[in-house]
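The data block below is structure-v5.cif; it holds mmCIF, C-alpha atoms and all ligand atoms.
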data_data
#
loop_
_atom_site.label_atom_id
_atom_site.label_comp_id
_atom_site.auth_asym_id
_atom_site.auth_seq_id
_atom_site.Cartn_x
_atom_site.Cartn_y
_atom_site.Cartn_z
CA MET A 1 -69.70 8.53 -87.45
CA ASN A 2 -71.41 5.19 -87.77
CA ILE A 3 -74.73 4.15 -86.28
CA THR A 4 -73.25 2.26 -83.35
CA ASP A 5 -71.05 5.22 -82.41
CA ASN A 6 -74.04 7.55 -82.60
CA LEU A 7 -76.09 5.25 -80.39
CA ASN A 8 -73.36 4.80 -77.79
CA LYS A 9 -72.66 8.51 -77.67
CA ILE A 10 -76.30 9.37 -77.03
CA LYS A 11 -76.71 6.58 -74.48
CA SER A 12 -73.70 7.83 -72.55
CA THR A 13 -75.35 11.22 -72.08
CA LEU A 14 -78.79 9.96 -71.00
CA PRO A 15 -79.65 9.79 -67.29
CA LYS A 16 -80.29 6.24 -66.08
CA ASP A 17 -84.02 6.71 -65.66
CA VAL A 18 -84.58 8.03 -69.18
CA THR A 19 -85.65 5.42 -71.77
CA LEU A 20 -84.33 5.68 -75.31
CA VAL A 21 -86.67 4.87 -78.17
CA ALA A 22 -84.62 4.46 -81.36
CA VAL A 23 -86.82 5.96 -84.07
CA SER A 24 -86.16 3.79 -87.10
CA LYS A 25 -88.88 4.87 -89.53
CA THR A 26 -87.85 4.70 -93.21
CA LYS A 27 -84.60 2.92 -92.27
CA PRO A 28 -83.72 -0.58 -93.51
CA VAL A 29 -83.64 -3.59 -91.18
CA SER A 30 -79.86 -3.76 -91.58
CA ASP A 31 -79.55 -0.35 -89.88
CA LEU A 32 -81.86 -1.41 -87.06
CA MET A 33 -79.87 -4.63 -86.62
CA GLU A 34 -76.71 -2.62 -86.18
CA THR A 35 -78.20 -0.95 -83.12
CA TYR A 36 -79.79 -4.22 -82.00
CA ASN A 37 -76.36 -5.81 -81.98
CA ALA A 38 -75.13 -2.86 -79.91
CA GLY A 39 -77.82 -3.61 -77.34
CA GLN A 40 -80.79 -1.47 -78.42
CA ARG A 41 -84.14 -3.23 -77.87
CA ILE A 42 -86.74 -0.44 -78.16
CA PHE A 43 -87.65 0.84 -81.62
CA GLY A 44 -90.18 3.47 -82.65
CA GLU A 45 -92.03 3.49 -85.97
CA ASN A 46 -94.71 5.84 -87.23
CA LYS A 47 -96.38 3.63 -89.84
CA ILE A 48 -98.13 0.45 -88.74
CA GLN A 49 -97.43 -1.54 -91.89
CA GLU A 50 -93.72 -0.73 -91.78
CA MET A 51 -93.58 -1.70 -88.11
CA VAL A 52 -95.33 -5.02 -88.83
CA ASP A 53 -92.87 -5.81 -91.63
CA LYS A 54 -89.88 -5.10 -89.40
CA TYR A 55 -91.41 -7.01 -86.48
CA GLU A 56 -91.74 -10.08 -88.68
CA GLU A 57 -88.16 -9.89 -89.88
CA MET A 58 -86.40 -9.05 -86.64
CA PRO A 59 -85.64 -10.81 -83.32
CA LYS A 60 -88.61 -11.27 -81.04
CA ASP A 61 -87.14 -9.67 -77.92
CA ILE A 62 -87.59 -6.21 -79.44
CA GLN A 63 -90.14 -3.83 -77.95
CA TRP A 64 -92.02 -2.00 -80.70
CA HIS A 65 -93.42 1.46 -80.04
CA MET A 66 -95.96 3.08 -82.35
CA ILE A 67 -95.09 6.77 -82.21
CA GLY A 68 -97.13 8.07 -85.14
CA HIS A 69 -100.76 8.99 -85.63
CA VAL A 70 -102.82 5.81 -85.40
CA GLN A 71 -105.58 5.02 -87.87
CA ARG A 72 -108.25 3.00 -86.13
CA ASN A 73 -108.71 0.52 -88.97
CA LYS A 74 -105.04 -0.50 -88.72
CA VAL A 75 -104.86 -1.19 -84.98
CA LYS A 76 -105.64 -4.86 -85.62
CA TYR A 77 -102.36 -5.37 -87.45
CA MET A 78 -100.19 -4.44 -84.48
CA ALA A 79 -102.38 -5.56 -81.58
CA GLU A 80 -100.59 -8.88 -81.19
CA PHE A 81 -97.18 -7.43 -80.49
CA VAL A 82 -97.03 -3.64 -80.03
CA ASN A 83 -95.46 -2.71 -76.71
CA LEU A 84 -96.47 0.94 -76.35
CA ILE A 85 -98.71 3.22 -78.41
CA HIS A 86 -97.65 6.86 -77.95
CA GLY A 87 -100.22 8.75 -79.99
CA VAL A 88 -103.57 8.00 -78.37
CA ASP A 89 -105.87 11.00 -78.59
CA SER A 90 -109.47 9.82 -78.40
CA LEU A 91 -111.79 7.46 -76.55
CA LYS A 92 -112.80 6.00 -79.92
CA LEU A 93 -109.22 4.96 -80.59
CA LEU A 94 -108.79 3.59 -77.08
CA LYS A 95 -111.91 1.47 -77.52
CA GLU A 96 -110.55 0.00 -80.72
CA ILE A 97 -107.18 -0.75 -79.12
CA ASN A 98 -108.98 -2.32 -76.16
CA LYS A 99 -111.09 -4.51 -78.43
CA ARG A 100 -108.10 -5.72 -80.45
CA ALA A 101 -105.96 -6.28 -77.35
CA LYS A 102 -108.73 -8.40 -75.88
CA GLY A 103 -108.65 -10.58 -78.98
CA TYR A 104 -105.08 -11.50 -78.08
CA ASP A 105 -105.75 -11.64 -74.35
CA ARG A 106 -103.34 -8.75 -73.86
CA VAL A 107 -103.25 -5.42 -72.07
CA ILE A 108 -101.69 -2.79 -74.33
CA ASP A 109 -99.89 0.15 -72.74
CA CYS A 110 -100.73 3.57 -74.19
CA LEU A 111 -99.72 7.19 -73.77
CA ILE A 112 -102.19 10.02 -74.11
CA GLN A 113 -100.93 12.48 -76.68
CA ILE A 114 -101.35 15.99 -75.34
CA LYS A 115 -101.42 18.92 -77.73
CA ILE A 116 -98.60 21.12 -76.53
CA ALA A 117 -97.52 22.87 -79.72
CA GLU A 118 -98.92 26.27 -80.47
CA GLU A 119 -98.98 25.52 -84.19
CA ASP A 120 -102.20 23.94 -85.47
CA SER A 121 -100.93 20.95 -87.40
CA LYS A 122 -100.08 18.68 -84.50
CA PHE A 123 -102.26 15.86 -83.20
CA GLY A 124 -103.24 15.40 -79.61
CA ILE A 125 -105.92 16.53 -77.17
CA SER A 126 -106.04 19.32 -74.64
CA ALA A 127 -105.14 18.70 -71.01
CA LYS A 128 -108.75 19.42 -70.13
CA ASP A 129 -110.13 16.84 -72.57
CA ALA A 130 -107.58 14.30 -71.35
CA THR A 131 -108.76 14.79 -67.78
CA ALA A 132 -112.38 14.29 -68.82
CA LEU A 133 -111.52 11.21 -70.86
CA LEU A 134 -109.56 9.52 -68.06
CA ASN A 135 -112.31 10.22 -65.54
CA SER A 136 -115.12 8.97 -67.76
CA GLU A 137 -117.21 5.93 -67.01
CA GLU A 138 -116.60 4.52 -70.48
CA PHE A 139 -112.87 4.71 -70.02
CA SER A 140 -113.00 2.88 -66.70
CA LYS A 141 -114.49 -0.17 -68.45
CA LEU A 142 -111.54 -0.65 -70.80
CA ASN A 143 -109.63 -3.46 -69.13
CA ASN A 144 -107.34 -4.36 -72.01
CA ILE A 145 -105.57 -1.03 -72.23
CA LYS A 146 -103.50 0.79 -69.68
CA ILE A 147 -102.59 4.46 -69.76
CA VAL A 148 -99.01 4.70 -68.53
CA GLY A 149 -98.23 8.32 -69.32
CA VAL A 150 -98.32 11.22 -71.73
CA MET A 151 -96.62 12.11 -74.98
CA GLY A 152 -96.14 15.42 -76.72
CA MET A 153 -94.48 17.03 -79.70
CA ALA A 154 -93.21 20.57 -79.44
CA THR A 155 -93.53 23.18 -82.16
CA PHE A 156 -91.02 22.72 -84.97
CA THR A 157 -88.95 25.84 -84.36
CA ASP A 158 -85.45 27.03 -83.52
CA ASP A 159 -86.93 29.10 -80.70
CA MET A 160 -85.85 26.99 -77.73
CA LYS A 161 -87.71 29.24 -75.30
CA GLN A 162 -90.94 28.27 -77.04
CA VAL A 163 -90.02 24.58 -77.00
CA GLU A 164 -89.10 24.79 -73.32
CA LYS A 165 -92.45 26.36 -72.51
CA GLU A 166 -94.26 23.51 -74.27
CA PHE A 167 -92.20 20.79 -72.60
CA LYS A 168 -92.83 22.33 -69.19
CA PHE A 169 -96.51 22.41 -69.94
CA LEU A 170 -96.49 18.68 -70.75
CA LYS A 171 -94.68 17.88 -67.51
CA PHE A 172 -97.19 20.04 -65.61
CA THR A 173 -100.07 18.19 -67.29
CA PHE A 174 -98.50 14.85 -66.40
CA GLU A 175 -98.26 15.87 -62.74
CA ALA A 176 -101.92 16.87 -62.75
CA LEU A 177 -103.12 13.65 -64.42
CA LYS A 178 -100.93 11.42 -62.27
CA ASP A 179 -103.38 11.55 -59.38
CA ILE A 180 -106.22 9.98 -61.34
CA GLU A 181 -107.23 6.77 -59.61
CA ALA A 182 -108.22 4.05 -62.05
CA SER A 183 -107.14 0.44 -62.42
CA ASN A 184 -106.30 1.06 -66.09
CA CYS A 185 -104.39 4.31 -65.55
CA LYS A 186 -101.00 4.46 -63.83
CA MET A 187 -98.99 7.40 -65.08
CA LYS A 188 -95.23 7.07 -65.00
CA THR A 189 -93.95 8.05 -68.46
CA VAL A 190 -93.41 11.47 -70.04
CA SER A 191 -92.49 10.88 -73.69
CA MET A 192 -90.96 14.05 -75.07
CA GLY A 193 -87.79 15.04 -76.88
CA MET A 194 -86.36 14.19 -80.32
CA SER A 195 -82.91 14.57 -81.91
CA GLY A 196 -82.95 18.36 -81.85
CA ASP A 197 -84.35 18.94 -78.40
CA TYR A 198 -83.99 15.85 -76.20
CA GLU A 199 -81.50 17.41 -73.79
CA LEU A 200 -83.88 20.27 -73.13
CA ALA A 201 -86.74 17.76 -72.82
CA ILE A 202 -84.83 15.84 -70.14
CA ASP A 203 -84.15 19.06 -68.26
CA CYS A 204 -87.91 19.65 -68.35
CA GLY A 205 -88.77 16.22 -66.94
CA SER A 206 -88.85 13.80 -69.87
CA THR A 207 -88.53 10.09 -68.98
CA MET A 208 -88.61 8.79 -72.56
CA VAL A 209 -86.89 10.31 -75.58
CA ARG A 210 -87.61 9.42 -79.20
CA ILE A 211 -84.45 9.82 -81.25
CA GLY A 212 -84.14 9.06 -84.95
CA SER A 213 -81.83 11.08 -87.14
CA SER A 214 -79.10 11.54 -84.51
CA ILE A 215 -78.73 7.75 -84.44
CA PHE A 216 -79.53 6.62 -87.99
CA GLY A 217 -78.74 9.77 -89.96
CA GLU A 218 -81.07 11.99 -91.94
CA ARG A 219 -84.11 10.31 -93.43
CA ASN A 220 -84.58 10.14 -97.17
CA TYR A 221 -88.27 10.00 -97.98
CA ASN A 222 -87.73 9.56 -101.71
CA ASN A 223 -86.66 5.95 -101.78
C1 LIG B 1 -89.69 10.97 -86.49
C2 LIG B 1 -90.15 11.16 -85.09
C3 LIG B 1 -89.22 11.33 -84.04
C4 LIG B 1 -87.72 11.37 -84.25
O1 LIG B 1 -87.30 12.48 -84.94
P1 LIG B 1 -85.75 12.86 -85.07
O2 LIG B 1 -85.74 14.33 -85.21
O3 LIG B 1 -85.27 12.14 -86.29
O4 LIG B 1 -85.06 12.39 -83.85
C5 LIG B 1 -89.72 11.45 -82.77
N1 LIG B 1 -91.04 11.44 -82.50
C6 LIG B 1 -91.96 11.28 -83.48
C7 LIG B 1 -93.40 11.26 -83.12
C8 LIG B 1 -91.55 11.14 -84.80
O5 LIG B 1 -92.46 11.00 -85.76
#
Can you dump the structure from the file as structure tokens?
Amino acid sequence: MNITDNLNKIKSTLPKDVTLVAVSKTKPVSDLMETYNAGQRIFGENKIQEMVDKYEEMPKDIQWHMIGHVQRNKVKYMAEFVNLIHGVDSLKLLKEINKRAKGYDRVIDCLIQIKIAEEDSKFGISAKDATALLNSEEFSKLNNIKIVGVMGMATFTDDMKQVEKEFKFLKFTFEALKDIEASNCKMKTVSMGMSGDYELAIDCGSTMVRIGSSIFGERNYNN
């Protein structure tokens, strides 16, 4: 199977209202261009520097999503062009994104990363802390960011019952947060599901899937 075949096969199975983020981390620009030429315009990267390098090399009608953990001191490098930041998990980070977005006279869309995995290693905040954050006075003053939804990563396990439980929890959290009234918060996106579990994620209410290895092949971190 080549990359274009992989992409087309996945696209043919996705419902119309589910957005595909092609996760291209560690992959060369030539691989990304193959999917670009097949029509893909949304790419997800988890390292800011790598995303900046690819942004500079590739066509400018691409939408770049930052899907990894964001270090505050690197926000400035992507603020000019990033289309959606998935992994927002603190007011401190939101303030930095807001400040840098303002510098470019932009409003940057963000997702709140909710901790849904039972294992400890994952980033994200609790549903309760997210509610408090989005209702806070400080948040309401951030006019150069917009919260457009939630993102979550399930436990890395073969136990699909566990994964299903976590996805359902994220969807439930989204429904609860959706009612928050703020000019900089309009929830519409549930970003969940990767190569191994995106079909289950869609069944549980995902509107945005982040798929890497099923499109580009396994990643090799040694080169
Ligand atoms: C790498 C990554 C993905 C894609 O993983 P695959 O299993 O290769 O599809 C999705 N989401 C995040 C946050 C990632 O870091």
message: List as a PyMOL selection string the protein and nucleic acid residues lying within 9 Å of ligand LIG 1 (chain B), with only C-alpha atoms and all ligand atoms counted.
response: chain A and resi 21-25+44-46+66-69+86-87+151-153+191-198+209-219
- prompt: If we count only C-alpha atoms, what is near A:Pro59 at a cut-off of 12 Å, once residues fewer than 2 positions away on the same chain are taken out, given as a ChimeraX atom specification?
  reply: /A:29,32-33,36-37,40-43,54-57,61-64
Atoms kept (C-alpha atoms) for selection, written as a PDB file, keeping the file's coordinate frame:
ATOM      1  CA  VAL A  29     -83.640  -3.590 -91.180  1.00  0.00           C
ATOM      2  CA  LEU A  32     -81.860  -1.410 -87.060  1.00  0.00           C
ATOM      3  CA  MET A  33     -79.870  -4.630 -86.620  1.00  0.00           C
ATOM      4  CA  TYR A  36     -79.790  -4.220 -82.000  1.00  0.00           C
ATOM      5  CA  ASN A  37     -76.360  -5.810 -81.980  1.00  0.00           C
ATOM      6  CA  GLN A  40     -80.790  -1.470 -78.420  1.00  0.00           C
ATOM      7  CA  ARG A  41     -84.140  -3.230 -77.870  1.00  0.00           C
ATOM      8  CA  ILE A  42     -86.740  -0.440 -78.160  1.00  0.00           C
ATOM      9  CA  PHE A  43     -87.650   0.840 -81.620  1.00  0.00           C
ATOM     10  CA  LYS A  54     -89.880  -5.100 -89.400  1.00  0.00           C
ATOM     11  CA  TYR A  55     -91.410  -7.010 -86.480  1.00  0.00           C
ATOM     12  CA  GLU A  56     -91.740 -10.080 -88.680  1.00  0.00           C
ATOM     13  CA  GLU A  57     -88.160  -9.890 -89.880  1.00  0.00           C
ATOM     14  CA  ASP A  61     -87.140  -9.670 -77.920  1.00  0.00           C
ATOM     15  CA  ILE A  62     -87.590  -6.210 -79.440  1.00  0.00           C
ATOM     16  CA  GLN A  63     -90.140  -3.830 -77.950  1.00  0.00           C
ATOM     17  CA  TRP A  64     -92.020  -2.000 -80.700  1.00  0.00           C
TER      18      TRP A  64
END
query: So, counting only C-alpha atoms, which residue among A:Thr13, A:Val88, A:Glu166, A:Leu93 is closest to A:Phe123?
result: A:Val88
- request: Just give me the gap between atom CA of A:Arg106 and atom CA of A:Met78 in Å, one decimal is fine.
  value: 11.9 Å
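Between atom CA of A:Asn8 and atom CA of A:Met208 lies a distance of 16.6 Å.
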- prompt: Hey, what's within 9 Å of A:Gln71 if we count all atoms listed in the file and toss same-chain stuff fewer than 3 positions away? As a list in words, please?
  reply: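 Listing them by chain and then by number gives Ile48, Lys74, Val75 and Leu93 of chain A.
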task: Identify which of the residues A:Asp109, A:Asp53, A:Glu137, A:Asp31 lies closest to A:His65, counting all atoms listed in the file when measuring atom-to-atom distances.
output: A:Asp109
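Of the listed residues (A:Ile125, A:Asn2, A:Ile85, A:Val163), A:Ile85 comes nearest to A:Val148; the distances count all atoms listed in the file.
Of note, atom CA of A:Glu164 and atom CA of A:Leu20 are spaced 19.8 Å apart.
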message: Nearest residue to A:Ile108 out of A:Thr157, A:Ser90, A:Gln162, A:Asn184, using only C-alpha atoms?
response: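 Of all the options, A:Asn184 lies closest to A:Ile108.
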Give the padded box for stretch 32-45 of chain A as AutoDock Vina command-line options: axis-aligned, covering all atoms listed in the file, 5 Å on each side, centre and edge lengths in Å to one decimal.
--center_x -83.6 --center_y -1.2 --center_z -82.2 --size_x 26.9 --size_y 19.3 --size_z 19.7
- request: Identify, on the basis of all atoms listed in the file, every residue whose closest approach to A:Leu91 does not exceed 12 Å; exclude the query and any residue fewer than 5 positions from it along the same chain; express the result as a PyMOL selection string.
  value: chain A and resi 72+96-98+110+112-113+125+129-142+145+147
message: Can you tell me which residues surround A:Ala79 at a distance of at most 8 Å, considering only C-alpha atoms, apart from same-chain residues fewer than 2 positions away, and format the answer as number ranges by chain?
response: A: 75-77, 81-82, 97, 100-101, 104, 108
Restrict the selected residues to C-alpha atoms and save them as a PDB file, keeping the file's coordinate frame.
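Written out: again_22.pdb:
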ATOM      1  CA  VAL A  75    -104.860  -1.190 -84.980  1.00  0.00           C
ATOM      2  CA  LYS A  76    -105.640  -4.860 -85.620  1.00  0.00           C
ATOM      3  CA  TYR A  77    -102.360  -5.370 -87.450  1.00  0.00           C
ATOM      4  CA  PHE A  81     -97.180  -7.430 -80.490  1.00  0.00           C
ATOM      5  CA  VAL A  82     -97.030  -3.640 -80.030  1.00  0.00           C
ATOM      6  CA  ILE A  97    -107.180  -0.750 -79.120  1.00  0.00           C
ATOM      7  CA  ARG A 100    -108.100  -5.720 -80.450  1.00  0.00           C
ATOM      8  CA  ALA A 101    -105.960  -6.280 -77.350  1.00  0.00           C
ATOM      9  CA  TYR A 104    -105.080 -11.500 -78.080  1.00  0.00           C
ATOM     10  CA  ILE A 108    -101.690  -2.790 -74.330  1.00  0.00           C
TER      11      ILE A 108
END
- request: Counting only C-alpha atoms, figure out which residue out of A:Gly149, A:Glu119, A:Asn83, A:Val52 gets nearest to A:Ile180.
  value: A:Gly149
- prompt: Using all atoms listed in the file, can you list as an MDAnalysis selection string the residues within 12 Å of (-98.8, 24.0, -68.4)?
  reply: chainID A and resid 114:117 126:128 164:177 204
- prompt: List as a list in words: which residues have an atom within 9 Å of (-74.1, 3.4, -78.7), counting only C-alpha atoms?
  reply: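 Result, sorted by chain then residue number: Ile3, Thr4, Asp5, Asn6, Leu7, Asn8, Lys9, Ile10, Lys11, Ser12, Thr35, Ala38, Gly39, Gln40 and Ile215 of chain A.
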